[in-house]
Amino acid sequence: MKAIKIIATALAAAAMTTTMPALAHPRLVASIPAAQASVASARQVMLRFTERLLPQLTGLEITPAGMAGMPHSDHMAHMAITSVPVVKTTISSDGKTLIATFASALPRGGYIVTWHAVTADTHRVENQFAFTVS
């Protein structure tokens, strides 16, 4: 019986000293333009996260604000693509920033950025924010 107590105590001590990797979900910590900001011009949208992103599973969509609540259909998808200049997305060298670069500056108006991010924990996190080009 004493041997069982010693083994159980040793196992409990080992479990308390063994560290498990943190499985935190990515959080958006900053964006350029910032949420609810009004900017004179926008050629890029940059989203900074707390964790390294998995590029193949992370992305964003930028749509004019007037279209945000409308149902998605092929027609609406076509309108979203033609309303916003072509976007090229990249991930920063540290892996924590998603950068969307437009072929030309966005025209005046309100925009909704809808993003999704996946990190090493493989849980998808998504959200959206708005900004205005004045």
# chains A, B, ... in the order shown; residues from 1 in each chain; ligands from 1
>>> residues_around(residues="Ile91 of chain A", least_positions_apart="5", cutoff="10 Å", atoms="only C-alpha atoms", output="ChimeraX atom specification")
/A:46-48,52-55,58-59,96-100
>>> residues_around(residues="Ala42 of chain A", least_positions_apart="6", cutoff="7 Å", atoms="only C-alpha atoms", output="list in words")
Ala105, Leu106 and Val133 of chain A
>>> write_last_selection(atoms="N, CA and C atoms", output="mmCIF file, in the first residue's frame")
data_model
loop_
_atom_site.group_PDB
_atom_site.id
_atom_site.type_symbol
_atom_site.label_atom_id
_atom_site.label_comp_id
_atom_site.auth_asym_id
_atom_site.auth_seq_id
_atom_site.Cartn_x
_atom_site.Cartn_y
_atom_site.Cartn_z
ATOM 1 N N ALA A 105 -6.381 52.344 -54.952
ATOM 2 C CA ALA A 105 -7.006 52.804 -53.705
ATOM 3 C C ALA A 105 -8.516 52.570 -53.750
ATOM 4 N N LEU A 106 -9.083 52.266 -52.601
ATOM 5 C CA LEU A 106 -10.523 52.075 -52.513
ATOM 6 C C LEU A 106 -11.245 53.395 -52.781
ATOM 7 N N VAL A 133 -13.771 55.261 -46.127
ATOM 8 C CA VAL A 133 -12.832 56.080 -46.910
ATOM 9 C C VAL A 133 -13.593 57.354 -47.226
#
>>> atom_distance(atom1="atom CA of Val86 of chain A", atom2="atom CA of Pro26 of chain A")
26.5 Å
>>> atom_distance(atom1="atom CA of Ala103 of chain A", atom2="atom CA of Val118 of chain A")
25.8 Å
>>> select_by_dssp(residues="segment 87-116 of chain A", states="strand (DSSP E or B)", output="list in words")
Val87, Lys88, Thr89, Thr90, Ile91, Thr97, Leu98, Ile99, Ala100, Thr101, Phe102, Gly109, Gly110, Tyr111, Ile112, Val113, Thr114, Trp115 and His116 of chain A
>>> write_last_selection(atoms="N, CA, C and O atoms", output="CSV table (one decimal), in the first residue's frame")
chain,number,residue,atom,x,y,z
A,87,VAL,N,-7.5,42.2,-54.8
A,87,VAL,CA,-6.8,42.1,-53.6
A,87,VAL,C,-5.8,41.0,-53.6
A,87,VAL,O,-6.1,39.9,-54.1
A,88,LYS,N,-4.6,41.3,-53.2
A,88,LYS,CA,-3.5,40.3,-53.0
A,88,LYS,C,-3.3,40.2,-51.5
A,88,LYS,O,-3.0,41.2,-50.9
A,89,THR,N,-3.3,39.0,-51.0
A,89,THR,CA,-3.1,38.8,-49.6
A,89,THR,C,-1.8,38.2,-49.3
A,89,THR,O,-1.4,37.3,-50.1
A,90,THR,N,-1.1,38.6,-48.3
A,90,THR,CA,0.2,38.0,-47.8
A,90,THR,C,0.2,38.0,-46.3
A,90,THR,O,-0.6,38.6,-45.7
A,91,ILE,N,1.1,37.2,-45.8
A,91,ILE,CA,1.3,37.2,-44.3
A,91,ILE,C,2.7,37.8,-44.1
A,91,ILE,O,3.7,37.5,-44.8
A,97,THR,N,0.7,38.9,-39.1
A,97,THR,CA,-0.1,40.0,-39.7
A,97,THR,C,-0.6,39.5,-41.1
A,97,THR,O,0.2,39.1,-41.9
A,98,LEU,N,-1.9,39.7,-41.3
A,98,LEU,CA,-2.5,39.4,-42.6
A,98,LEU,C,-2.5,40.8,-43.3
A,98,LEU,O,-3.1,41.7,-42.8
A,99,ILE,N,-2.0,40.8,-44.5
A,99,ILE,CA,-2.0,42.1,-45.3
A,99,ILE,C,-2.7,41.9,-46.6
A,99,ILE,O,-2.4,41.0,-47.4
A,100,ALA,N,-3.7,42.7,-46.8
A,100,ALA,CA,-4.5,42.7,-48.1
A,100,ALA,C,-4.1,44.0,-48.8
A,100,ALA,O,-4.3,45.1,-48.3
A,101,THR,N,-3.6,43.9,-50.0
A,101,THR,CA,-3.2,45.0,-50.8
A,101,THR,C,-4.1,45.1,-52.1
A,101,THR,O,-4.3,44.1,-52.8
A,102,PHE,N,-4.6,46.3,-52.3
A,102,PHE,CA,-5.5,46.5,-53.4
A,102,PHE,C,-4.7,47.0,-54.7
A,102,PHE,O,-3.7,47.6,-54.6
A,109,GLY,N,-16.4,55.7,-49.5
A,109,GLY,CA,-17.5,54.9,-49.0
A,109,GLY,C,-17.2,54.1,-47.8
A,109,GLY,O,-16.1,54.1,-47.3
A,110,GLY,N,-18.2,53.4,-47.3
A,110,GLY,CA,-18.0,52.5,-46.2
A,110,GLY,C,-17.7,51.1,-46.6
A,110,GLY,O,-18.2,50.6,-47.6
A,111,TYR,N,-16.9,50.4,-45.8
A,111,TYR,CA,-16.5,49.0,-46.1
A,111,TYR,C,-16.6,48.2,-44.8
A,111,TYR,O,-16.3,48.6,-43.7
A,112,ILE,N,-16.9,46.9,-45.1
A,112,ILE,CA,-16.9,45.9,-44.0
A,112,ILE,C,-15.8,44.9,-44.3
A,112,ILE,O,-15.7,44.4,-45.4
A,113,VAL,N,-14.9,44.7,-43.3
A,113,VAL,CA,-13.9,43.7,-43.4
A,113,VAL,C,-14.3,42.5,-42.6
A,113,VAL,O,-14.5,42.6,-41.4
A,114,THR,N,-14.5,41.4,-43.3
A,114,THR,CA,-14.9,40.1,-42.6
A,114,THR,C,-13.7,39.2,-42.7
A,114,THR,O,-13.2,38.9,-43.8
A,115,TRP,N,-13.1,38.8,-41.6
A,115,TRP,CA,-11.9,38.0,-41.6
A,115,TRP,C,-12.1,36.7,-40.8
A,115,TRP,O,-13.0,36.5,-40.0
A,116,HIS,N,-11.2,35.8,-41.2
A,116,HIS,CA,-11.2,34.5,-40.4
A,116,HIS,C,-9.7,34.1,-40.3
A,116,HIS,O,-8.9,34.4,-41.2
>>> atom_distance(atom1="atom CA of Ala130 of chain A", atom2="atom CA of Gln44 of chain A")
14.1 Å
>>> closest_residue(among="A:Gly95, A:Arg27, A:Arg108, A:Arg43", to="Gln56 of chain A", atoms="only C-alpha atoms")
A:Gly95
>>> residues_around(residues="Ser38 of chain A", least_positions_apart="2", cutoff="7 Å", atoms="only C-alpha atoms", output="PyMOL selection string")
chain A and resi 36+40+131-134
>>> write_last_selection(atoms="C-alpha atoms", output="short mmCIF file (atom, residue, chain, number, x, y, z; two decimals), in the first residue's frame")
data_model
loop_
_atom_site.label_atom_id
_atom_site.label_comp_id
_atom_site.auth_asym_id
_atom_site.auth_seq_id
_atom_site.Cartn_x
_atom_site.Cartn_y
_atom_site.Cartn_z
CA GLN A 36 -14.77 52.53 -37.19
CA ALA A 40 -8.51 59.66 -46.56
CA PHE A 131 -14.19 51.58 -41.76
CA THR A 132 -14.85 54.49 -44.10
CA VAL A 133 -12.83 56.08 -46.91
CA SER A 134 -13.79 59.76 -46.96
#
